[in-house]
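Asks: You'll find entry35.txt just under this line, and it carries compact mmCIF, C-alpha atoms and all ligand atoms.
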# COMPACT_ATOMS: atom_id res chain seq x y z
CA MET N 1253 -30.40 3.64 -30.71
CA SER N 1254 -28.09 0.95 -29.35
CA GLU N 1255 -24.32 1.37 -28.96
CA SER N 1256 -23.78 -1.12 -31.79
CA GLU N 1257 -25.98 0.88 -34.20
CA LEU N 1258 -24.13 4.05 -33.24
CA LEU N 1259 -20.84 2.25 -33.83
CA ALA N 1260 -21.87 1.29 -37.38
CA ARG N 1261 -22.75 4.92 -38.13
CA HIS N 1262 -19.50 6.11 -36.51
CA ARG N 1263 -17.46 3.74 -38.69
CA ALA N 1264 -19.26 4.86 -41.85
CA VAL N 1265 -18.76 8.60 -41.42
CA LEU N 1266 -15.69 9.12 -39.20
CA PRO N 1267 -12.11 8.38 -40.30
CA ASP N 1268 -10.64 4.90 -39.92
CA TRP N 1269 -7.70 6.29 -37.91
CA LEU N 1270 -9.96 7.56 -35.13
CA ALA N 1271 -9.37 4.69 -32.69
CA LEU N 1272 -12.03 3.46 -30.28
CA TYR N 1273 -11.50 1.45 -27.10
CA TYR N 1274 -13.06 -2.00 -26.55
CA ASP N 1275 -14.31 -4.74 -28.86
CA GLU N 1276 -17.74 -3.23 -28.25
CA PRO N 1277 -17.17 0.53 -27.74
CA ILE N 1278 -19.24 2.39 -25.15
CA GLU N 1279 -21.15 5.67 -25.27
CA ILE N 1280 -21.03 7.59 -22.00
CA VAL N 1281 -24.20 9.52 -21.32
CA ARG N 1282 -24.07 10.41 -17.61
CA ALA N 1283 -21.34 10.99 -15.06
CA ARG N 1284 -21.08 11.77 -11.36
CA GLY N 1285 -17.98 11.93 -9.19
CA ARG N 1286 -15.58 9.28 -10.47
CA ARG N 1287 -18.29 7.18 -12.14
CA VAL N 1288 -19.65 7.24 -15.66
CA THR N 1289 -22.72 5.49 -17.08
CA ASP N 1290 -23.12 4.27 -20.65
CA SER N 1291 -26.23 4.29 -22.83
CA ALA N 1292 -26.90 0.64 -21.96
CA GLY N 1293 -27.19 1.71 -18.30
CA VAL N 1294 -23.90 0.21 -17.10
CA THR N 1295 -21.93 2.29 -14.58
CA TYR N 1296 -18.12 2.21 -14.47
CA LEU N 1297 -15.51 3.49 -12.04
CA ASP N 1298 -13.35 5.75 -14.20
CA PHE N 1299 -9.59 5.24 -13.79
CA PHE N 1300 -8.68 7.08 -16.98
CA ALA N 1301 -10.71 10.28 -16.63
CA GLY N 1302 -11.13 10.61 -20.38
CA ILE N 1303 -7.34 10.58 -20.91
CA LEU N 1304 -6.84 12.89 -17.94
CA THR N 1305 -9.28 15.55 -19.13
CA ASN N 1306 -11.45 15.16 -16.04
CA ALA N 1307 -8.84 16.19 -13.50
CA ILE N 1308 -11.32 16.49 -10.68
CA GLY N 1309 -14.19 14.24 -11.59
CA TYR N 1310 -17.64 14.68 -13.02
CA ASP N 1311 -20.48 17.02 -12.19
CA ILE N 1312 -18.67 19.15 -9.61
CA ALA N 1313 -21.14 21.85 -8.49
CA GLU N 1314 -18.57 24.67 -8.25
CA ILE N 1315 -17.43 24.09 -11.82
CA SER N 1316 -20.88 23.55 -13.31
CA ASP N 1317 -22.10 26.74 -11.56
CA ALA N 1318 -19.22 28.81 -12.95
CA ILE N 1319 -19.91 27.55 -16.47
CA ARG N 1320 -23.68 27.92 -16.10
CA SER N 1321 -23.41 31.48 -14.89
CA GLN N 1322 -21.33 32.38 -17.95
CA VAL N 1323 -23.82 30.62 -20.24
CA ASP N 1324 -26.72 32.42 -18.51
CA SER N 1325 -25.11 35.79 -19.30
CA GLY N 1326 -25.69 34.99 -22.98
CA VAL N 1327 -21.99 35.44 -23.80
CA LEU N 1328 -20.61 32.07 -24.85
CA HIS N 1329 -18.00 34.03 -26.74
CA THR N 1330 -17.75 37.17 -28.75
CA SER N 1331 -14.09 37.38 -29.59
CA THR N 1332 -10.71 37.74 -28.01
CA LEU N 1333 -10.60 41.26 -29.48
CA TYR N 1334 -12.45 42.35 -26.34
CA LEU N 1335 -11.37 42.09 -22.74
CA ILE N 1336 -12.30 38.82 -21.03
CA ARG N 1337 -12.14 39.07 -17.26
CA LYS N 1338 -11.80 35.35 -16.50
CA GLN N 1339 -9.05 35.03 -19.11
CA VAL N 1340 -6.98 37.69 -17.36
CA GLU N 1341 -7.61 36.18 -13.91
CA LEU N 1342 -6.74 32.66 -15.10
CA ALA N 1343 -3.58 33.87 -16.84
CA GLU N 1344 -2.46 35.71 -13.69
CA GLN N 1345 -3.01 32.59 -11.62
CA ILE N 1346 -1.14 30.29 -14.03
CA ALA N 1347 1.73 32.77 -14.37
CA GLN N 1348 2.08 32.87 -10.60
CA LEU N 1349 1.84 29.07 -10.24
CA SER N 1350 4.42 28.50 -12.99
CA GLY N 1351 7.43 29.72 -11.03
CA ILE N 1352 8.75 31.14 -14.32
CA PRO N 1353 10.12 34.66 -13.78
CA ASP N 1354 8.36 37.46 -15.65
CA ALA N 1355 5.87 34.90 -17.01
CA LYS N 1356 3.19 35.52 -19.63
CA VAL N 1357 0.37 33.17 -20.60
CA PHE N 1358 -1.35 32.45 -23.91
CA LEU N 1359 -4.52 30.35 -23.96
CA THR N 1360 -5.45 27.91 -26.72
CA ASN N 1361 -8.05 25.21 -27.37
CA SER N 1362 -5.82 22.15 -27.13
CA GLY N 1363 -2.42 20.78 -26.19
CA THR N 1364 -1.47 20.56 -29.85
CA GLU N 1365 -2.13 24.25 -30.38
CA ALA N 1366 -0.17 25.05 -27.21
CA ASN N 1367 2.87 23.07 -28.38
CA GLU N 1368 2.68 24.49 -31.90
CA THR N 1369 2.74 27.96 -30.35
CA ALA N 1370 5.67 27.09 -28.08
CA LEU N 1371 7.64 25.74 -31.06
CA MET N 1372 6.75 28.75 -33.18
CA LEU N 1373 7.98 31.11 -30.45
CA ALA N 1374 11.15 29.13 -29.69
CA THR N 1375 12.18 28.78 -33.34
CA GLN N 1376 11.51 32.47 -33.93
CA TYR N 1377 13.32 33.56 -30.77
CA ARG N 1378 16.38 31.46 -31.55
CA ARG N 1379 16.15 31.97 -35.34
CA SER N 1380 16.56 28.23 -35.84
CA HIS N 1381 14.20 25.51 -37.01
CA GLN N 1382 16.22 22.76 -35.30
CA VAL N 1383 14.49 21.16 -32.33
CA LEU N 1384 15.36 18.37 -29.92
CA ALA N 1385 12.72 15.93 -28.68
CA MET N 1386 12.73 12.69 -26.74
CA ARG N 1387 12.41 9.28 -28.29
CA ASN N 1388 8.93 7.82 -27.71
CA SER N 1389 7.39 11.25 -27.07
CA TYR N 1390 3.95 12.56 -28.05
CA HIS N 1391 3.24 16.26 -28.52
CA GLY N 1392 0.17 16.58 -30.73
CA ARG N 1393 -1.36 16.17 -34.15
CA ALA N 1394 -0.55 19.28 -36.21
CA PHE N 1395 2.43 19.59 -38.56
CA ALA N 1396 5.22 20.66 -36.20
CA THR N 1397 3.96 18.56 -33.29
CA ILE N 1398 3.60 15.42 -35.43
CA GLY N 1399 7.05 16.20 -36.78
CA ILE N 1400 8.62 16.06 -33.32
CA THR N 1401 6.53 13.19 -31.92
CA GLY N 1402 8.93 10.28 -31.42
CA ASN N 1403 6.54 7.38 -31.76
CA ARG N 1404 5.89 5.84 -35.16
CA GLY N 1405 2.34 4.90 -34.24
CA TRP N 1406 1.46 8.60 -33.93
CA SER N 1407 3.72 10.06 -36.61
CA ALA N 1408 1.02 10.39 -39.23
CA SER N 1409 3.09 12.61 -41.49
CA ALA N 1410 6.80 12.89 -42.25
CA LEU N 1411 6.40 16.44 -43.58
CA SER N 1412 7.49 18.85 -40.91
CA PRO N 1413 8.42 22.51 -40.64
CA VAL N 1414 11.07 21.66 -38.03
CA LYS N 1415 14.21 19.56 -38.18
CA VAL N 1416 14.13 17.25 -35.20
CA SER N 1417 16.81 15.19 -33.46
CA TYR N 1418 15.84 12.70 -30.78
CA VAL N 1419 17.53 12.03 -27.46
CA HIS N 1420 17.31 9.21 -24.94
CA GLY N 1421 15.72 9.41 -21.51
CA GLY N 1422 12.07 8.74 -22.33
CA TYR N 1423 11.36 5.02 -22.19
CA ARG N 1424 13.86 3.73 -19.67
CA TYR N 1425 12.34 0.26 -19.31
CA ARG N 1426 13.32 -0.71 -22.86
CA ASP N 1427 15.71 1.91 -24.23
CA ALA N 1428 19.42 1.48 -25.01
CA PHE N 1429 20.48 2.46 -21.46
CA ARG N 1430 18.08 0.13 -19.62
CA GLY N 1431 19.42 -1.59 -16.56
CA LEU N 1432 21.73 1.25 -15.47
CA SER N 1433 21.51 2.79 -12.00
CA ASP N 1434 19.71 6.14 -11.77
CA ALA N 1435 22.96 8.11 -11.68
CA ASP N 1436 24.53 6.17 -14.56
CA TYR N 1437 21.34 6.45 -16.59
CA VAL N 1438 21.26 10.24 -16.15
CA ARG N 1439 24.94 10.45 -17.10
CA ALA N 1440 24.43 8.26 -20.19
CA CYS N 1441 21.46 10.36 -21.35
CA ALA N 1442 23.31 13.64 -20.84
CA ASP N 1443 26.27 12.23 -22.83
CA ASP N 1444 23.82 11.16 -25.53
CA LEU N 1445 22.38 14.68 -25.64
CA ARG N 1446 25.90 16.12 -26.08
CA ASP N 1447 26.59 13.57 -28.79
CA VAL N 1448 23.34 14.28 -30.65
CA LEU N 1449 24.08 18.01 -30.56
CA GLN N 1450 27.53 17.37 -32.01
CA THR N 1451 26.55 14.85 -34.64
CA THR N 1452 23.06 15.68 -35.88
CA THR N 1453 22.67 19.45 -35.41
CA SER N 1454 24.64 22.58 -36.19
CA GLY N 1455 24.51 23.44 -32.48
CA ASP N 1456 22.23 26.45 -32.84
CA VAL N 1457 19.16 24.50 -31.84
CA ALA N 1458 15.97 26.32 -30.75
CA ALA N 1459 14.71 24.12 -27.94
CA LEU N 1460 14.38 20.75 -26.32
CA ILE N 1461 10.72 19.86 -25.81
CA ALA N 1462 9.98 17.03 -23.40
CA GLU N 1463 7.25 15.47 -21.29
CA PRO N 1464 8.52 15.12 -17.70
CA ILE N 1465 6.67 11.78 -17.62
CA GLN N 1466 5.74 10.45 -21.05
CA GLY N 1467 1.98 10.07 -21.38
CA VAL N 1468 0.99 8.38 -24.64
CA GLY N 1469 4.41 6.67 -24.50
CA GLY N 1470 3.33 4.63 -21.47
CA PHE N 1471 3.72 6.74 -18.30
CA ASN N 1472 7.51 6.46 -18.30
CA VAL N 1473 9.18 8.08 -15.31
CA PRO N 1474 12.80 9.19 -15.77
CA PRO N 1475 15.08 9.43 -12.73
CA ASP N 1476 14.72 12.73 -10.85
CA GLY N 1477 17.53 14.98 -11.97
CA LEU N 1478 17.55 13.92 -15.63
CA PHE N 1479 16.32 17.32 -16.78
CA ALA N 1480 18.77 19.12 -14.51
CA ALA N 1481 21.59 17.27 -16.28
CA PHE N 1482 20.00 18.11 -19.64
CA LYS N 1483 19.58 21.76 -18.68
CA GLU N 1484 23.28 22.11 -17.95
CA VAL N 1485 24.08 20.94 -21.49
CA LEU N 1486 21.30 23.04 -23.05
CA ASP N 1487 22.42 26.18 -21.20
CA SER N 1488 25.94 25.85 -22.59
CA TYR N 1489 24.39 26.19 -26.07
CA GLY N 1490 21.66 28.71 -25.15
CA ILE N 1491 19.00 26.13 -26.08
CA LEU N 1492 15.56 26.61 -24.51
CA LEU N 1493 13.75 23.98 -22.44
CA ILE N 1494 10.02 23.53 -23.06
CA SER N 1495 8.22 21.26 -20.63
CA ASP N 1496 5.09 19.66 -22.08
CA GLU N 1497 2.91 19.45 -18.98
CA VAL N 1498 -0.26 18.44 -20.84
CA GLN N 1499 -0.48 15.24 -18.77
CA THR N 1500 1.79 16.01 -15.81
CA GLY N 1501 0.45 19.43 -14.81
CA TRP N 1502 -2.02 20.50 -12.11
CA GLY N 1503 -0.54 18.36 -9.32
CA ARG N 1504 -1.37 15.00 -10.87
CA THR N 1505 2.10 13.62 -10.09
CA GLY N 1506 1.46 14.20 -6.39
CA GLU N 1507 4.92 15.47 -5.48
CA HIS N 1508 4.81 18.69 -7.42
CA PHE N 1509 2.36 20.95 -9.19
CA TRP N 1510 4.31 20.63 -12.46
CA GLY N 1511 6.09 17.44 -13.49
CA ILE N 1512 9.35 19.22 -14.33
CA GLN N 1513 9.70 20.45 -10.75
CA ALA N 1514 10.83 16.95 -9.72
CA HIS N 1515 14.08 17.82 -11.47
CA GLY N 1516 14.68 21.10 -9.68
CA VAL N 1517 14.78 23.14 -12.88
CA THR N 1518 12.69 26.01 -14.20
CA PRO N 1519 11.96 25.64 -17.91
CA ASP N 1520 11.68 28.56 -20.34
CA ALA N 1521 8.13 27.55 -21.20
CA MET N 1522 5.49 25.05 -20.13
CA THR N 1523 2.54 23.90 -22.19
CA PHE N 1524 -0.69 22.58 -20.71
CA ALA N 1525 -4.23 21.41 -21.59
CA LYS N 1526 -6.33 18.36 -20.64
CA GLY N 1527 -7.23 18.63 -16.93
CA LEU N 1528 -7.30 22.43 -16.78
CA GLY N 1529 -10.87 22.67 -18.07
CA ASN N 1530 -12.06 19.51 -16.31
CA GLY N 1531 -13.57 18.47 -19.63
CA LEU N 1532 -13.81 21.81 -21.42
CA ALA N 1533 -11.53 22.45 -24.39
CA ILE N 1534 -8.72 24.65 -23.14
CA GLY N 1535 -4.93 24.61 -23.31
CA GLY N 1536 -2.13 27.09 -23.37
CA LEU N 1537 1.41 27.94 -22.54
CA VAL N 1538 3.25 29.95 -19.95
CA ALA N 1539 6.65 31.31 -20.88
CA ARG N 1540 9.23 33.90 -20.00
CA GLY N 1541 7.85 37.23 -21.20
CA GLU N 1542 10.78 37.80 -23.53
CA LEU N 1543 10.11 34.47 -25.26
CA MET N 1544 6.34 34.96 -25.37
CA ASP N 1545 6.83 38.32 -27.07
CA ALA N 1546 9.33 36.97 -29.61
CA ILE N 1547 6.97 37.53 -32.53
CA SER N 1548 5.89 40.92 -33.82
CA ALA N 1549 3.14 39.82 -36.24
CA ASN N 1550 -0.44 39.40 -35.04
CA SER N 1551 -1.43 35.96 -33.82
CA ILE N 1552 -4.90 35.23 -32.50
CA SER N 1553 -6.71 32.06 -31.50
CA THR N 1554 -10.39 32.71 -32.23
CA PHE N 1555 -11.66 30.53 -29.40
CA GLY N 1556 -8.54 30.31 -27.21
CA GLY N 1557 -9.29 31.78 -23.80
CA ASN N 1558 -13.03 32.19 -24.44
CA PRO N 1559 -15.32 33.16 -21.53
CA VAL N 1560 -16.89 29.72 -21.00
CA SER N 1561 -13.63 27.75 -21.06
CA THR N 1562 -11.81 30.23 -18.86
CA ALA N 1563 -14.69 30.37 -16.36
CA GLY N 1564 -14.63 26.56 -16.14
CA ALA N 1565 -10.84 26.44 -15.96
CA LYS N 1566 -10.64 29.09 -13.25
CA ALA N 1567 -13.20 27.19 -11.18
CA THR N 1568 -11.28 23.94 -11.75
CA LEU N 1569 -7.99 25.45 -10.66
CA ASP N 1570 -9.55 27.07 -7.59
CA TYR N 1571 -11.17 23.75 -6.67
CA LEU N 1572 -8.06 21.63 -7.02
CA LEU N 1573 -5.95 24.12 -5.07
CA SER N 1574 -8.43 24.64 -2.24
CA HIS N 1575 -9.06 20.89 -1.81
CA ASP N 1576 -5.36 19.92 -1.89
CA LEU N 1577 -5.94 17.47 -4.71
CA GLN N 1578 -2.20 17.26 -5.29
CA GLY N 1579 -1.93 15.84 -1.78
CA ASN N 1580 -4.71 13.38 -2.52
CA ALA N 1581 -3.02 12.34 -5.78
CA ALA N 1582 0.13 11.58 -3.78
CA LYS N 1583 -1.79 9.60 -1.16
CA GLN N 1584 -4.00 7.54 -3.48
CA GLY N 1585 -1.16 7.13 -5.97
CA THR N 1586 1.12 5.64 -3.33
CA ARG N 1587 -1.58 3.14 -2.37
CA LEU N 1588 -2.17 2.18 -5.98
CA LEU N 1589 1.54 1.84 -6.74
CA THR N 1590 2.13 -0.29 -3.65
CA GLY N 1591 -0.86 -2.53 -4.41
CA LEU N 1592 0.18 -2.95 -8.03
CA ARG N 1593 3.80 -3.68 -7.14
CA ASP N 1594 2.59 -6.40 -4.78
CA LEU N 1595 0.48 -7.76 -7.60
CA ALA N 1596 3.44 -7.72 -10.00
CA GLU N 1597 5.64 -9.65 -7.56
CA GLY N 1598 6.29 -13.05 -9.14
CA ASN N 1599 3.63 -12.38 -11.78
CA ASP N 1600 5.07 -13.25 -15.17
CA ILE N 1601 2.66 -11.16 -17.24
CA VAL N 1602 3.53 -7.86 -15.51
CA GLY N 1603 6.96 -6.61 -16.49
CA ASP N 1604 6.96 -3.19 -14.85
CA VAL N 1605 4.85 -1.00 -12.57
CA ARG N 1606 5.83 2.68 -12.56
CA GLY N 1607 4.43 6.12 -12.00
CA LYS N 1608 4.04 9.10 -9.75
CA GLY N 1609 0.86 10.23 -8.05
CA LEU N 1610 -2.19 9.39 -10.11
CA MET N 1611 -0.27 8.61 -13.28
CA ILE N 1612 0.57 4.92 -13.14
CA GLY N 1613 1.64 2.54 -15.89
CA VAL N 1614 1.59 -1.26 -15.85
CA GLU N 1615 3.61 -2.85 -18.64
CA PHE N 1616 2.49 -6.29 -19.83
CA VAL N 1617 5.01 -8.81 -21.14
CA GLU N 1618 5.33 -12.26 -22.64
CA PRO N 1619 7.12 -14.91 -20.55
CA ASP N 1620 10.38 -14.00 -22.35
CA GLY N 1621 9.96 -10.31 -21.47
CA ALA N 1622 8.84 -9.20 -24.95
CA PRO N 1623 5.99 -6.65 -25.03
CA SER N 1624 2.52 -8.22 -24.84
CA PRO N 1625 -0.06 -5.95 -26.50
CA GLU N 1626 -2.49 -8.89 -26.40
CA ALA N 1627 -2.35 -9.11 -22.58
CA ALA N 1628 -2.99 -5.35 -22.36
CA ARG N 1629 -5.91 -5.64 -24.78
CA LEU N 1630 -7.43 -8.46 -22.75
CA LEU N 1631 -6.85 -6.55 -19.52
CA LEU N 1632 -8.83 -3.63 -20.94
CA GLU N 1633 -11.74 -5.98 -21.68
CA GLU N 1634 -11.53 -7.78 -18.31
CA THR N 1635 -11.55 -4.53 -16.33
CA ARG N 1636 -14.46 -3.21 -18.37
CA ALA N 1637 -16.43 -6.39 -17.72
CA ARG N 1638 -15.88 -5.78 -13.97
CA GLY N 1639 -16.92 -2.12 -14.13
CA LEU N 1640 -13.58 -0.29 -14.36
CA LEU N 1641 -12.33 1.94 -17.17
CA VAL N 1642 -8.56 2.14 -17.69
CA GLY N 1643 -6.33 3.43 -20.49
CA LYS N 1644 -3.82 1.80 -22.79
CA GLY N 1645 -0.66 3.09 -24.46
CA GLY N 1646 3.08 2.73 -24.83
CA LEU N 1647 5.24 2.29 -27.90
CA HIS N 1648 4.15 -1.35 -28.16
CA ASN N 1649 0.57 -0.77 -26.99
CA ASN N 1650 1.24 -3.04 -24.03
CA VAL N 1651 0.95 -0.58 -21.14
CA ILE N 1652 -2.19 -0.11 -19.06
CA ARG N 1653 -2.45 3.50 -17.95
CA LEU N 1654 -4.20 4.53 -14.77
CA ALA N 1655 -5.06 8.20 -14.28
CA PRO N 1656 -8.23 8.54 -12.19
CA PRO N 1657 -9.72 11.91 -11.27
CA MET N 1658 -7.70 13.51 -8.47
CA THR N 1659 -10.70 13.44 -6.11
CA LEU N 1660 -10.42 9.64 -5.91
CA THR N 1661 -11.48 8.33 -2.49
CA ASP N 1662 -9.92 5.60 -0.31
CA GLU N 1663 -12.84 3.26 -1.09
CA GLU N 1664 -12.56 3.84 -4.83
CA THR N 1665 -8.82 3.19 -4.76
CA GLY N 1666 -9.50 -0.11 -3.00
CA GLU N 1667 -12.30 -1.01 -5.40
CA GLY N 1668 -10.12 -0.26 -8.44
CA LEU N 1669 -7.24 -2.30 -7.03
CA ASP N 1670 -9.53 -5.28 -6.39
CA ILE N 1671 -10.80 -5.17 -9.96
CA LEU N 1672 -7.27 -4.85 -11.32
CA ARG N 1673 -6.15 -7.87 -9.26
CA GLU N 1674 -9.05 -9.99 -10.50
CA SER N 1675 -8.56 -8.85 -14.09
CA VAL N 1676 -4.81 -9.56 -14.14
CA ALA N 1677 -5.54 -13.01 -12.67
CA ALA N 1678 -8.12 -13.65 -15.40
CA VAL N 1679 -5.72 -12.63 -18.19
CA ARG N 1680 -2.99 -14.79 -16.64
CA GLU N 1681 -5.34 -17.72 -16.31
CA GLY N 1682 -6.31 -17.33 -19.99
CA ARG N 1683 -2.69 -17.54 -21.08
CA LYS N 1684 -2.05 -20.92 -19.43
N1 LIG A 1701 1.17 16.74 -25.31
C1 LIG A 1701 0.94 15.65 -24.59
C2 LIG A 1701 1.95 15.22 -23.58
C3 LIG A 1701 -0.25 14.93 -24.75
O1 LIG A 1701 -0.48 13.83 -24.02
C4 LIG A 1701 -1.20 15.36 -25.70
C5 LIG A 1701 -2.52 14.64 -25.91
N2 LIG A 1701 -2.52 13.30 -25.69
C6 LIG A 1701 -0.92 16.51 -26.44
C7 LIG A 1701 0.27 17.17 -26.22
C8 LIG A 1701 -1.88 17.03 -27.46
O2 LIG A 1701 -3.00 17.56 -26.85
P1 LIG A 1701 -4.39 17.69 -27.62
O3 LIG A 1701 -4.86 16.32 -27.92
O4 LIG A 1701 -5.24 18.47 -26.66
O5 LIG A 1701 -4.12 18.47 -28.85
Spell out the structure here as structure tokens.
Ligand code: PMP
Replies:
Amino acid sequence: MSESELLARHRAVLPDWLALYYDEPIEIVRARGRRVTDSAGVTYLDFFAGILTNAIGYDIAEISDAIRSQVDSGVLHTSTLYLIRKQVELAEQIAQLSGIPDAKVFLTNSGTEANETALMLATQYRRSHQVLAMRNSYHGRAFATIGITGNRGWSASALSPVKVSYVHGGYRYRDAFRGLSDADYVRACADDLRDVLQTTTSGDVAALIAEPIQGVGGFNVPPDGLFAAFKEVLDSYGILLISDEVQTGWGRTGEHFWGIQAHGVTPDAMTFAKGLGNGLAIGGLVARGELMDAISANSISTFGGNPVSTAGAKATLDYLLSHDLQGNAAKQGTRLLTGLRDLAEGNDIVGDVRGKGLMIGVEFVEPDGAPSPEAARLLLEETRARGLLVGKGGLHNNVIRLAPPMTLTDEETGEGLDILRESVAAVREGRK
């Protein structure tokens, strides 16, 4: 069956709101290293890693072996009512890596479920259903997480169990405080937070939840220190800080293992998912023990922390730590950022190049600086035609997102950059 026949069947039976990339969507049937092959036999260099799920790359022997050995035991899962060795080992490792004192870990099947749990615990602990979130944020697709997501394109429902107030500091390139120096920007955002607390809440707010670098929102990097300034304000109210590390965790930002560490603060909880399983469905949260144990009722995730996912996740974590993939993310990321900034120089379709490590956003603009979703759409097609997969996002759908597997090699970085250069030139040429 061809990809176009599969597409027709997809459209008939799956919901309209389940977006697909490309004018002619692809079906990936094989993958090795940083390359994936579609059912038409075309191989692509993958600079999006399935929206960061493939932290390390495809078909890594150590990870496949760990999963296979669990599958061979016959126990895909029984239930979390029994002890699961790999779950305990993984939780111990994440607790230790978190830097959170007295940390406890709960494992889920997705980032959404992790954030829902974090919000449930924080609201219960603080006895308040008021929550702060960042403008232009994305935290998931269940009721509370949709309720706090600050991006209309992903706010599928207005019905929410939490009362949310939004603060600035997410999308610096276009927000109300754009153009300020780092220090002034941080000051303005902290003042805004104080103002929001005074004007839109009763003060007894449960938590601020934030992505250290916004993912869906377009890989927006705030100045280092923003969350330290926020934390000072939050602490004066006793408000918790939850760092959503679903995209920024596991060393992807190069500088630090967790994105929030760039700000020199320790949050009360961190949520994670995506890259941990290197493609397997696993997420979770790590929090101060007192917060984690804030509920007294039972709460179980049937598949959260199952033997197969935890075996794969443990192998993934061991691999990325023992191969210093954080160091490689820093190295390849710097090369990519430098190359892209050179490309943007004097190029009127690229408005901004930003990022940290292997999390890089390129914002496309019209000649007058307005967002250009059309240029980003064309760029996606041009890169695909040249054998490179990239992501798209941002509030205006005009940001190309680059997040290759963290095992990216020097040659692959060069190859990706070449394709990006040619593709940007082609889109620019088309506009003339
Ligand atoms: N938080 C962030 C920052 C995310 O990027 C996402 C997914 N894009 C989620 C939460 C939700 O994760 P999931 O899709 O696994 O539910």
Asks: Grab me every residue within 9 Å of ligand LIG 1701 (chain A), counting only C-alpha atoms and all ligand atoms, and send it over as a PyMOL selection string.
Replies: chain N and resi 1303-1304+1361-1367+1389-1394+1397+1462-1469+1496-1500+1523-1526+1533-1535
Asks: With 10 Å as the cut-off and only C-alpha atoms counted, what is the closest atom pair between each nearby residue of region 1535-1575 of chain N and region 1336-1356 of chain N? Distances in Å to one decimal, ordered by chain and number, as a tab-separated table.
Replies:
residue	atom	partner	partner_atom	distance
N:Gly1536	CA	N:Ala1343	CA	9.5
N:Leu1537	CA	N:Lys1356	CA	8.3
N:Val1538	CA	N:Lys1356	CA	5.6
N:Ala1539	CA	N:Ala1355	CA	5.3
N:Arg1540	CA	N:Ala1355	CA	4.6
N:Gly1541	CA	N:Ala1355	CA	5.2
N:Glu1542	CA	N:Asp1354	CA	8.3
N:Leu1543	CA	N:Lys1356	CA	9.0
N:Met1544	CA	N:Lys1356	CA	6.6
N:Asp1545	CA	N:Lys1356	CA	8.7
N:Gly1556	CA	N:Gln1339	CA	9.4
N:Gly1557	CA	N:Gln1339	CA	5.7
N:Asn1558	CA	N:Gln1339	CA	7.2
N:Pro1559	CA	N:Ile1336	CA	6.4
N:Val1560	CA	N:Lys1338	CA	8.8
N:Ser1561	CA	N:Gln1339	CA	8.8
N:Thr1562	CA	N:Gln1339	CA	5.5
N:Ala1563	CA	N:Lys1338	CA	5.8
N:Gly1564	CA	N:Lys1338	CA	9.2
N:Ala1565	CA	N:Leu1342	CA	7.5
N:Lys1566	CA	N:Leu1342	CA	5.6
N:Ala1567	CA	N:Leu1342	CA	9.3
N:Leu1569	CA	N:Leu1342	CA	8.6
N:Asp1570	CA	N:Gln1345	CA	9.5
Asks: Between N:Gly1399, N:Gly1309, N:Gly1579, N:Gly1531, which residue has the minimum interatomic distance to Leu1660 (chain N), considering all atoms listed in the file?
Replies: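 Ranked by minimum distance to Leu1660 (chain N), first place goes to N:Gly1309.
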Asks: Rounded to one decimal in Å, what is the spacing between CA of Asp1324 (chain N) and CA of Ala1307 (chain N)?
Replies: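 Distance between the two atoms: 24.7 Å.
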Asks: What is the CA of Ala1655 (chain N) to CA of Leu1592 (chain N) distance in Å?
Replies: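 About the pair CA of Ala1655 (chain N) and CA of Leu1592 (chain N): they are 13.8 Å apart.
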Asks: Restricting the calculation to only C-alpha atoms: of N:Gly1682, N:Gly1668, N:Gly1639, N:Gly1527, which residue gets closest to Val1288 (chain N)?
Replies: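 Result for the nearest residue to Val1288 (chain N): N:Gly1639.
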Asks: So which residues touch region 1377-1385 of chain N within 7 Å, counting only C-alpha atoms, skipping near sequence neighbours fewer than 5 positions away, as a PDB file with C-alpha atoms, in the frame of the given file?
Replies:
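Output contents, as saved in selection_31.pdb:
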ATOM      1  CA  ILE N1400       8.620  16.060 -33.320  1.00  0.00           C
ATOM      2  CA  VAL N1414      11.070  21.660 -38.030  1.00  0.00           C
ATOM      3  CA  LYS N1415      14.210  19.560 -38.180  1.00  0.00           C
ATOM      4  CA  VAL N1416      14.130  17.250 -35.200  1.00  0.00           C
ATOM      5  CA  SER N1417      16.810  15.190 -33.460  1.00  0.00           C
ATOM      6  CA  TYR N1418      15.840  12.700 -30.780  1.00  0.00           C
ATOM      7  CA  VAL N1419      17.530  12.030 -27.460  1.00  0.00           C
ATOM      8  CA  ASP N1456      22.230  26.450 -32.840  1.00  0.00           C
ATOM      9  CA  VAL N1457      19.160  24.500 -31.840  1.00  0.00           C
ATOM     10  CA  ALA N1458      15.970  26.320 -30.750  1.00  0.00           C
ATOM     11  CA  ALA N1459      14.710  24.120 -27.940  1.00  0.00           C
ATOM     12  CA  LEU N1460      14.380  20.750 -26.320  1.00  0.00           C
ATOM     13  CA  ILE N1461      10.720  19.860 -25.810  1.00  0.00           C
ATOM     14  CA  ALA N1462       9.980  17.030 -23.400  1.00  0.00           C
ATOM     15  CA  LEU N1543      10.110  34.470 -25.260  1.00  0.00           C
ATOM     16  CA  ALA N1546       9.330  36.970 -29.610  1.00  0.00           C
TER      17      ALA N1546
END
Asks: Take the point (12.7, -1.5, -18.4) in the file's coordinates, draw a sphere of radius 10 Å around it, and report as JSON, numbers by chain every protein, DNA or RNA residue with an atom inside or on it, counting all atoms listed in the file.
Replies: {"N": [1423, 1424, 1425, 1426, 1427, 1428, 1429, 1430, 1431, 1432, 1472, 1603, 1604, 1605, 1606, 1615, 1621]}
